[in-house]
$ cat model.txt   # compact mmCIF, C-alpha atoms and all ligand atoms
# COMPACT_ATOMS: atom_id res chain seq x y z
CA MET A 1486 168.76 133.58 121.77
CA ALA A 1487 165.92 131.18 120.93
CA GLN A 1488 163.41 130.58 123.67
CA SER A 1489 163.58 127.26 125.45
CA VAL A 1490 160.31 125.32 125.22
CA LEU A 1491 159.26 122.12 126.96
CA LEU A 1492 156.87 120.08 124.80
CA THR A 1493 155.07 117.32 126.70
CA GLY A 1494 153.46 114.53 124.69
CA ALA A 1495 156.05 115.25 121.99
CA ALA A 1496 155.82 111.79 120.41
CA GLY A 1497 152.14 112.14 119.54
CA ARG A 1498 150.21 113.58 116.57
CA VAL A 1499 149.93 117.17 117.78
CA GLY A 1500 153.61 117.07 118.76
CA ASP A 1501 154.41 115.87 115.26
CA ALA A 1502 152.52 118.78 113.71
CA ILE A 1503 154.21 121.32 115.99
CA LEU A 1504 157.73 119.98 115.51
CA GLY A 1505 157.11 119.56 111.77
CA GLY A 1506 156.62 123.31 111.49
CA LEU A 1507 158.76 124.68 114.31
CA ALA A 1508 161.72 122.32 114.79
CA ASP A 1509 164.27 125.07 114.11
CA GLU A 1510 162.44 127.94 115.78
CA TYR A 1511 163.01 127.08 119.44
CA GLU A 1512 165.36 125.27 121.75
CA TRP A 1513 163.25 122.21 122.42
CA ARG A 1514 163.11 119.93 125.40
CA LEU A 1515 160.78 117.07 124.59
CA LEU A 1516 159.00 114.85 127.07
CA ASP A 1517 156.96 111.72 126.56
CA ARG A 1518 156.48 108.48 128.44
CA ASP A 1519 157.09 106.61 125.17
CA PRO A 1520 160.78 106.44 124.25
CA PRO A 1521 161.76 108.12 120.95
CA THR A 1522 161.57 105.98 117.81
CA GLU A 1523 163.03 108.65 115.52
CA ASP A 1524 165.35 111.66 115.63
CA TYR A 1525 163.95 114.64 117.49
CA PRO A 1526 165.16 118.26 117.44
CA GLY A 1527 166.22 118.48 121.08
CA GLU A 1528 166.85 116.64 124.29
CA PHE A 1529 164.24 113.90 124.80
CA VAL A 1530 163.19 113.12 128.35
CA VAL A 1531 161.37 109.81 128.83
CA ALA A 1532 159.06 110.42 131.77
CA ASP A 1533 155.49 110.27 132.92
CA ILE A 1534 153.87 113.64 133.65
CA THR A 1535 152.52 112.27 136.92
CA ASP A 1536 156.14 111.84 138.08
CA ASP A 1537 156.58 115.08 139.97
CA GLU A 1538 160.37 114.88 140.30
CA ALA A 1539 160.95 114.05 136.63
CA VAL A 1540 158.66 116.88 135.50
CA ARG A 1541 160.43 119.37 137.79
CA GLU A 1542 163.77 118.33 136.36
CA ALA A 1543 162.50 118.65 132.78
CA MET A 1544 161.17 122.14 133.57
CA GLU A 1545 164.55 123.60 134.64
CA GLY A 1546 165.64 126.60 132.55
CA VAL A 1547 162.53 126.52 130.38
CA ASP A 1548 160.79 129.75 129.21
CA ALA A 1549 157.52 128.24 128.00
CA VAL A 1550 155.64 124.95 128.06
CA ILE A 1551 153.33 123.38 125.50
CA HIS A 1552 151.47 120.75 127.43
CA LEU A 1553 150.02 118.03 125.20
CA ALA A 1554 150.63 114.81 127.13
CA GLY A 1555 147.49 113.02 128.14
CA ASP A 1556 144.93 110.45 127.13
CA PRO A 1557 143.35 111.86 123.91
CA ARG A 1558 140.55 109.30 123.56
CA PRO A 1559 137.04 110.79 123.69
CA ASP A 1560 135.88 107.51 125.24
CA ALA A 1561 138.77 107.23 127.71
CA PRO A 1562 137.75 105.81 131.09
CA TRP A 1563 137.70 107.93 134.22
CA ASP A 1564 140.71 106.34 135.90
CA SER A 1565 142.88 107.19 132.89
CA VAL A 1566 141.74 110.81 132.45
CA LEU A 1567 141.90 111.36 136.20
CA THR A 1568 145.53 110.23 136.28
CA ASN A 1569 146.92 111.38 132.94
CA ASN A 1570 144.81 114.44 132.15
CA ILE A 1571 143.91 115.94 135.50
CA ASP A 1572 146.63 114.84 137.92
CA GLY A 1573 149.28 115.05 135.18
CA THR A 1574 148.20 118.56 134.17
CA GLN A 1575 148.25 119.76 137.78
CA THR A 1576 151.79 118.39 138.12
CA VAL A 1577 152.87 120.29 135.00
CA PHE A 1578 151.32 123.62 136.09
CA GLU A 1579 152.75 123.36 139.62
CA ALA A 1580 156.25 122.55 138.34
CA ALA A 1581 156.01 125.39 135.79
CA VAL A 1582 155.24 127.93 138.51
CA ASP A 1583 158.01 126.66 140.76
CA ALA A 1584 160.53 126.78 137.91
CA GLY A 1585 159.60 130.38 137.00
CA VAL A 1586 158.23 129.48 133.56
CA GLU A 1587 156.47 132.44 131.87
CA LYS A 1588 153.81 130.75 129.75
CA VAL A 1589 151.95 127.48 129.46
CA ALA A 1590 149.86 126.52 126.42
CA PHE A 1591 147.48 123.74 127.39
CA ALA A 1592 145.96 121.33 124.86
CA SER A 1593 142.27 121.45 125.69
CA SER A 1594 139.65 119.99 123.39
CA ASN A 1595 136.42 120.51 121.51
CA HIS A 1596 135.06 117.76 123.79
CA ALA A 1597 135.10 120.25 126.71
CA VAL A 1598 132.09 121.84 124.96
CA GLY A 1599 130.70 118.76 123.18
CA HIS A 1600 127.23 118.98 124.70
CA TYR A 1601 126.48 122.28 122.94
CA GLU A 1602 125.95 119.97 119.97
CA THR A 1603 122.36 119.16 120.86
CA GLU A 1604 120.00 117.08 118.77
CA GLU A 1605 118.12 120.24 117.78
CA ARG A 1606 121.28 121.97 116.50
CA THR A 1607 122.88 119.08 114.66
CA PRO A 1608 123.78 118.43 111.93
CA GLU A 1609 122.83 121.96 110.76
CA MET A 1610 125.46 123.62 112.99
CA TYR A 1611 128.23 121.79 111.12
CA ARG A 1612 127.26 123.53 107.87
CA ALA A 1613 128.54 126.74 106.32
CA ASP A 1614 125.10 128.37 106.06
CA ASP A 1615 124.39 127.96 109.81
CA ASP A 1616 125.46 130.87 112.02
CA TYR A 1617 125.69 129.12 115.42
CA LEU A 1618 129.05 130.07 116.95
CA LEU A 1619 130.84 129.33 120.23
CA ASP A 1620 133.48 131.91 121.09
CA GLY A 1621 135.30 130.56 124.16
CA THR A 1622 133.44 132.70 126.72
CA GLU A 1623 130.72 130.04 127.16
CA LEU A 1624 130.82 127.67 130.14
CA PRO A 1625 132.21 124.19 129.50
CA ARG A 1626 129.60 121.58 128.55
CA PRO A 1627 131.69 118.42 128.27
CA GLY A 1628 130.42 115.67 126.00
CA ASN A 1629 132.20 112.86 127.86
CA LEU A 1630 134.55 112.21 130.79
CA TYR A 1631 137.53 113.05 128.58
CA GLY A 1632 135.87 116.45 128.00
CA VAL A 1633 135.39 116.80 131.75
CA SER A 1634 139.14 116.27 132.20
CA LYS A 1635 139.89 118.99 129.64
CA ALA A 1636 137.52 121.41 131.36
CA ALA A 1637 139.35 120.58 134.60
CA GLY A 1638 142.66 121.38 132.89
CA GLU A 1639 141.27 124.77 131.81
CA SER A 1640 140.19 125.38 135.38
CA LEU A 1641 143.62 124.44 136.71
CA GLY A 1642 145.10 126.93 134.26
CA ARG A 1643 142.75 129.64 135.50
CA TYR A 1644 143.85 128.93 139.09
CA TYR A 1645 147.58 128.99 138.31
CA HIS A 1646 147.13 132.23 136.41
CA ASP A 1647 145.09 133.96 139.12
CA GLU A 1648 147.18 132.68 142.02
CA TYR A 1649 150.68 132.88 140.52
CA ASP A 1650 150.36 135.17 137.50
CA LEU A 1651 151.41 132.40 135.12
CA SER A 1652 150.37 133.21 131.53
CA VAL A 1653 148.08 130.43 130.37
CA VAL A 1654 146.37 129.79 127.05
CA CYS A 1655 143.98 126.86 126.72
CA VAL A 1656 143.61 125.79 123.11
CA ARG A 1657 140.39 123.89 122.47
CA ILE A 1658 141.82 121.89 119.59
CA GLY A 1659 139.34 120.67 116.99
CA ASN A 1660 140.20 117.74 114.73
CA LEU A 1661 143.85 117.59 113.72
CA THR A 1662 144.19 115.57 110.55
CA LYS A 1663 147.23 115.46 108.28
CA ASP A 1664 147.13 116.62 104.63
CA HIS A 1665 143.34 116.92 104.26
CA PRO A 1666 140.20 117.30 106.40
CA PRO A 1667 138.36 114.20 107.62
CA ILE A 1668 136.42 112.59 104.78
CA ASP A 1669 132.62 112.04 105.02
CA TYR A 1670 132.58 113.58 108.51
CA GLU A 1671 130.83 116.96 108.68
CA ARG A 1672 131.69 117.58 112.34
CA GLY A 1673 135.35 116.88 111.65
CA GLN A 1674 135.35 119.17 108.62
CA ALA A 1675 133.80 121.96 110.69
CA MET A 1676 136.58 121.73 113.29
CA TRP A 1677 139.51 120.66 111.11
CA LEU A 1678 142.93 121.88 112.17
CA SER A 1679 145.58 121.44 109.51
CA TYR A 1680 149.13 120.57 110.50
CA ARG A 1681 150.53 123.91 109.32
CA ASP A 1682 147.84 125.93 111.11
CA CYS A 1683 148.49 123.85 114.23
CA ALA A 1684 152.22 124.65 114.18
CA HIS A 1685 151.52 128.34 113.53
CA LEU A 1686 148.91 128.52 116.32
CA PHE A 1687 151.25 127.06 118.94
CA ASP A 1688 154.04 129.31 117.65
CA ARG A 1689 151.77 132.27 118.43
CA CYS A 1690 151.01 130.76 121.87
CA ILE A 1691 154.73 130.94 122.64
CA ALA A 1692 155.31 134.38 121.13
CA ALA A 1693 152.22 136.41 122.11
CA ASP A 1694 151.52 138.21 125.40
CA TYR A 1695 148.41 137.25 127.36
CA GLY A 1696 147.10 136.59 130.84
CA TYR A 1697 144.55 133.79 130.76
CA GLU A 1698 142.85 132.81 127.52
CA ILE A 1699 140.63 130.12 126.07
CA VAL A 1700 140.78 129.95 122.28
CA TYR A 1701 139.58 127.52 119.65
CA GLY A 1702 142.23 125.72 117.63
CA ILE A 1703 140.77 125.13 114.18
CA SER A 1704 141.58 126.21 110.63
CA ASP A 1705 139.55 128.97 108.95
CA ASN A 1706 136.84 126.53 107.86
CA ASP A 1707 133.67 127.82 106.16
CA ARG A 1708 131.76 125.27 108.21
CA LYS A 1709 133.09 126.47 111.56
CA TYR A 1710 130.94 126.73 114.67
CA TYR A 1711 133.92 127.76 116.81
CA SER A 1712 135.01 131.37 116.49
CA ILE A 1713 138.70 131.96 115.87
CA GLU A 1714 138.40 135.72 116.48
CA ARG A 1715 139.90 135.58 119.98
CA ALA A 1716 142.87 133.58 118.70
CA ARG A 1717 143.35 136.15 115.92
CA GLU A 1718 143.03 139.12 118.28
CA VAL A 1719 145.10 137.96 121.26
CA LEU A 1720 147.58 135.60 119.66
CA GLY A 1721 147.87 136.98 116.13
CA TYR A 1722 146.70 133.64 114.71
CA GLU A 1723 146.41 133.77 110.91
CA PRO A 1724 145.29 130.37 109.64
CA GLN A 1725 145.92 129.49 106.01
CA ASP A 1726 143.70 126.44 105.59
CA ASN A 1727 139.96 125.86 105.16
CA SER A 1728 138.30 122.46 104.87
CA ALA A 1729 136.00 123.88 102.16
CA ARG A 1730 138.93 123.97 99.76
CA HIS A 1731 139.08 120.16 99.91
CA ASP A 1732 135.39 119.47 99.12
N1 LIG A 1801 144.60 115.13 117.87
C1 LIG A 1801 143.55 115.93 118.03
O1 LIG A 1801 142.78 116.18 117.08
C2 LIG A 1801 143.26 116.56 119.35
C3 LIG A 1801 144.12 116.44 120.44
N2 LIG A 1801 143.83 117.07 121.62
C4 LIG A 1801 144.73 116.98 122.76
O2 LIG A 1801 146.07 117.20 122.34
C5 LIG A 1801 146.94 116.40 123.10
C6 LIG A 1801 147.79 115.54 122.16
O3 LIG A 1801 146.92 114.70 121.43
P1 LIG A 1801 147.45 113.73 120.28
O4 LIG A 1801 148.79 114.16 119.86
O5 LIG A 1801 146.36 113.61 119.29
O6 LIG A 1801 147.52 112.37 121.09
P2 LIG A 1801 148.61 111.22 120.95
O7 LIG A 1801 148.10 110.05 121.70
O8 LIG A 1801 149.02 111.06 119.53
O9 LIG A 1801 149.83 111.86 121.76
C7 LIG A 1801 149.80 111.99 123.15
C8 LIG A 1801 151.21 111.72 123.65
O10 LIG A 1801 151.21 111.92 125.06
C9 LIG A 1801 151.92 110.85 125.65
N3 LIG A 1801 151.40 110.64 126.99
C10 LIG A 1801 150.14 110.27 127.33
N4 LIG A 1801 150.03 110.19 128.66
C11 LIG A 1801 151.24 110.54 129.18
C12 LIG A 1801 151.75 110.65 130.49
N5 LIG A 1801 151.01 110.35 131.56
N6 LIG A 1801 153.04 111.04 130.65
C13 LIG A 1801 153.83 111.31 129.57
N7 LIG A 1801 153.40 111.20 128.30
C14 LIG A 1801 152.11 110.82 128.11
C15 LIG A 1801 151.71 109.63 124.76
O11 LIG A 1801 152.77 108.68 124.90
C16 LIG A 1801 151.64 110.27 123.37
O12 LIG A 1801 152.92 110.27 122.74
C17 LIG A 1801 146.10 115.57 124.05
O13 LIG A 1801 146.10 116.20 125.30
C18 LIG A 1801 144.72 115.61 123.42
O14 LIG A 1801 143.72 115.49 124.39
C19 LIG A 1801 142.71 117.84 121.77
C20 LIG A 1801 141.81 117.97 120.75
C21 LIG A 1801 142.01 117.35 119.46
O1 LIG A 1802 139.92 115.88 121.57
C1 LIG A 1802 139.94 115.20 120.56
O2 LIG A 1802 139.13 115.55 119.52
C2 LIG A 1802 139.36 115.02 118.20
C3 LIG A 1802 138.07 115.25 117.41
O3 LIG A 1802 137.04 114.54 118.04
P1 LIG A 1802 136.16 113.44 117.26
O4 LIG A 1802 135.32 112.81 118.32
O5 LIG A 1802 135.37 114.21 116.25
O6 LIG A 1802 137.14 112.49 116.59
C4 LIG A 1802 139.75 113.56 118.28
O7 LIG A 1802 139.99 113.04 116.99
C5 LIG A 1802 140.99 113.44 119.16
O8 LIG A 1802 141.43 112.10 119.27
C6 LIG A 1802 140.66 113.93 120.54
O9 LIG A 1802 141.83 113.94 121.35

$ encode --input "model.txt" --output "C-alpha cells"
Amino acid sequence: MAQSVLLTGAAGRVGDAILGGLADEYEWRLLDRDPPTEDYPGEFVVADITDDEAVREAMEGVDAVIHLAGDPRPDAPWDSVLTNNIDGTQTVFEAAVDAGVEKVAFASSNHAVGHYETEERTPEMYRADDDYLLDGTELPRPGNLYGVSKAAGESLGRYYHDEYDLSVVCVRIGNLTKDHPPIDYERGQAMWLSYRDCAHLFDRCIAADYGYEIVYGISDNDRKYYSIERAREVLGYEPQDNSARHD
C-alpha cells in the first residue's frame, strides 16, 4: 500500500513542484492555511501550522511528513518567522512524534548559510571554475532573520531526532524556478533547483532510510557551491538538471 504523506504548505511553489511529479506516488494529505483554488490529489486540510489541535488531527495515520509551510521571504520580519517558521515548525515536529510518524523532511534554506557568501568570495564562488564548496557539515551562518528561522528549524529537527528517534532530513533548498534557471542571476543559477529534481529529491526523502541529515537541495549545476554528495549518498538523489545547459 502507498505510504501516507502529510504535505504542509501544499498550495505553494515547492508543493506544486512536489505534487507535479509525485501526485500518484503517495496517499497525500495536504495542509495549507490558504484554501484550495484547484483540484488536489488528496484530502485538503485548511489549517494554520501554529494551530496545535488542527495539526495533530492532520497528522493521524500519517507515515511521513514533508514540512514546507512557512514564510519564505528572505526579508520576512521577525514576528512572522518567529510565528510561522519557528513556532509552526515546533508544532509540526511535536505532533509528528506524538502521532508515531517515522520521517519528517523539513524545508530549510540556502539562507541558513547565506553569510558564507562574503565580499571576498563573491561573485567568484558562483562560477563553475571556483572550487569553494559547502557540504552541510558547516555551522549555520544565516544571512537574515529568515535564515535564522531555518537554522532554528534544523536545530528543532536535531532535537526531535536525538530525543525521540524521529528520522529527520533538513533540505537546504536553493532557488526553485520553473522550466529554466533564473536569468541574469549568477547566485540563482548556482543554486537552481528544477521542478523535476525537486520532486525526485523529496521522493527520496520519503523513501530512504536515515537518522538526522542536512542536505543541499539543488540541481547538478556546474556553478554549484553546495555539495550534493550527501544527498546522493544517503538519499540516493540523482538530479537530472544543470543550469549550465540553459546558458
Ligand atoms: N521556493 C524556494 O526557492 C525555496 C523555498 N524554501 C522553503 O520552502 C518552503 C515552501 O516555499 P515556497 O513554496 O516557495 O513558498 P510559498 O509561499 O509559495 O508556499 C508556502 C505555503 O505555505 C503556506 N503557509 C505559510 N504559513 C503558513 C502557516 N502558518 N500555516 C499553514 N500554511 C502556511 C502558504 O499559504 C503557502 O501556500 C518554505 O518553508 C520556504 O522557506 C527554501 C528555500 C528555497
Ligand atoms: O529560501 C529561499 O531562497 C530562494 C533563493 O533566494 P534568493 O534570495 O536568491 O531569491 C528564494 O527565492 C525563496 O523565496 C526563499 O524562500

$ axis_aligned_box --input "model.txt" --around "ligand LIG 1802 (chain A)" --padding-each-side "6 Å" --output "AutoDock Vina command-line options"
--center_x 138.6 --center_y 114.0 --center_z 118.9 --size_x 18.5 --size_y 15.8 --size_z 17.3

$ atom_distance --input "model.txt" --atom1 "CA of Glu1623 in chain A" --atom2 "CA of Tyr1601 in chain A"
9.8 Å

$ residues_near_ligand --input "model.txt" --ligand "ligand LIG 1801 (chain A)" --cutoff "9 Å" --atoms "all atoms listed in the file" --output "VMD selection string"
chain A and resid 1493 to 1502 1516 to 1520 1531 to 1536 1552 to 1559 1565 1568 to 1570 1572 to 1573 1591 to 1596 1631 to 1632 1635 1656 to 1662 1677 to 1678 1702

$ atom_distance --input "model.txt" --atom1 "CA of Leu1567 in chain A" --atom2 "CA of Ser1634 in chain A"
6.9 Å

$ residues_near_point --input "model.txt" --point "(161.9, 115.5, 129.0)" --cutoff "6 Å" --atoms "all atoms listed in the file" --output "list in words"
Arg1514, Leu1515, Leu1516, Phe1529, Val1530, Val1531 and Ala1543 of chain A

$ write_last_selection --input "model.txt" --atoms "C-alpha atoms" --output "PDB file, in the frame of the given file"
ATOM      1  CA  ARG A1514     163.110 119.930 125.400  1.00  0.00           C
ATOM      2  CA  LEU A1515     160.780 117.070 124.590  1.00  0.00           C
ATOM      3  CA  LEU A1516     159.000 114.850 127.070  1.00  0.00           C
ATOM      4  CA  PHE A1529     164.240 113.900 124.800  1.00  0.00           C
ATOM      5  CA  VAL A1530     163.190 113.120 128.350  1.00  0.00           C
ATOM      6  CA  VAL A1531     161.370 109.810 128.830  1.00  0.00           C
ATOM      7  CA  ALA A1543     162.500 118.650 132.780  1.00  0.00           C
TER       8      ALA A1543
END

$ closest_residue --input "model.txt" --among "A:Ala1637, A:Val1566, A:Arg1672, A:Asp1664" --to "Glu1609 in chain A" --atoms "only C-alpha atoms"
A:Arg1672

$ closest_residue --input "model.txt" --among "A:Asn1629, A:Ser1640, A:Ser1704, A:Ser1728" --to "ligand LIG 1802 (chain A)" --atoms "all atoms listed in the file"
A:Asn1629

$ closest_residue --input "model.txt" --among "A:Asp1560, A:Asp1732, A:Glu1512, A:Glu1639" --to "Asp1669 in chain A" --atoms "only C-alpha atoms"
A:Asp1732

$ build_atoms --input "model.txt" --residues "range 1705-1719 of chain A" --atoms "N, CA and C atoms" --output "short mmCIF file (atom, residue, chain, number, x, y, z; two decimals), keeping the file's coordinate frame"
data_model
loop_
_atom_site.label_atom_id
_atom_site.label_comp_id
_atom_site.auth_asym_id
_atom_site.auth_seq_id
_atom_site.Cartn_x
_atom_site.Cartn_y
_atom_site.Cartn_z
N ASP A 1705 140.58 127.97 109.28
CA ASP A 1705 139.55 128.97 108.95
C ASP A 1705 138.46 128.33 108.07
N ASN A 1706 137.80 127.33 108.63
CA ASN A 1706 136.84 126.53 107.86
C ASN A 1706 135.52 127.28 107.64
N ASP A 1707 134.99 127.22 106.42
CA ASP A 1707 133.67 127.82 106.16
C ASP A 1707 132.61 127.24 107.09
N ARG A 1708 132.77 125.96 107.40
CA ARG A 1708 131.76 125.27 108.21
C ARG A 1708 131.85 125.56 109.71
N LYS A 1709 132.77 126.40 110.13
CA LYS A 1709 133.09 126.47 111.56
C LYS A 1709 131.91 126.88 112.45
N TYR A 1710 131.84 126.26 113.63
CA TYR A 1710 130.94 126.73 114.67
C TYR A 1710 131.71 127.13 115.92
N TYR A 1711 133.04 127.21 115.78
CA TYR A 1711 133.92 127.76 116.81
C TYR A 1711 134.53 129.03 116.23
N SER A 1712 134.40 130.13 116.96
CA SER A 1712 135.01 131.37 116.49
C SER A 1712 136.52 131.30 116.67
N ILE A 1713 137.25 131.85 115.71
CA ILE A 1713 138.70 131.96 115.87
C ILE A 1713 139.10 133.42 116.07
N GLU A 1714 138.11 134.28 116.33
CA GLU A 1714 138.40 135.72 116.48
C GLU A 1714 139.31 136.02 117.67
N ARG A 1715 139.07 135.33 118.79
CA ARG A 1715 139.90 135.58 119.98
C ARG A 1715 141.36 135.16 119.72
N ALA A 1716 141.51 134.04 119.03
CA ALA A 1716 142.87 133.58 118.70
C ALA A 1716 143.56 134.58 117.76
N ARG A 1717 142.79 135.14 116.83
CA ARG A 1717 143.35 136.15 115.92
C ARG A 1717 143.78 137.38 116.71
N GLU A 1718 142.84 137.85 117.56
CA GLU A 1718 143.03 139.12 118.28
C GLU A 1718 144.17 139.04 119.30
N VAL A 1719 144.14 138.02 120.14
CA VAL A 1719 145.10 137.96 121.26
C VAL A 1719 146.42 137.34 120.86
#
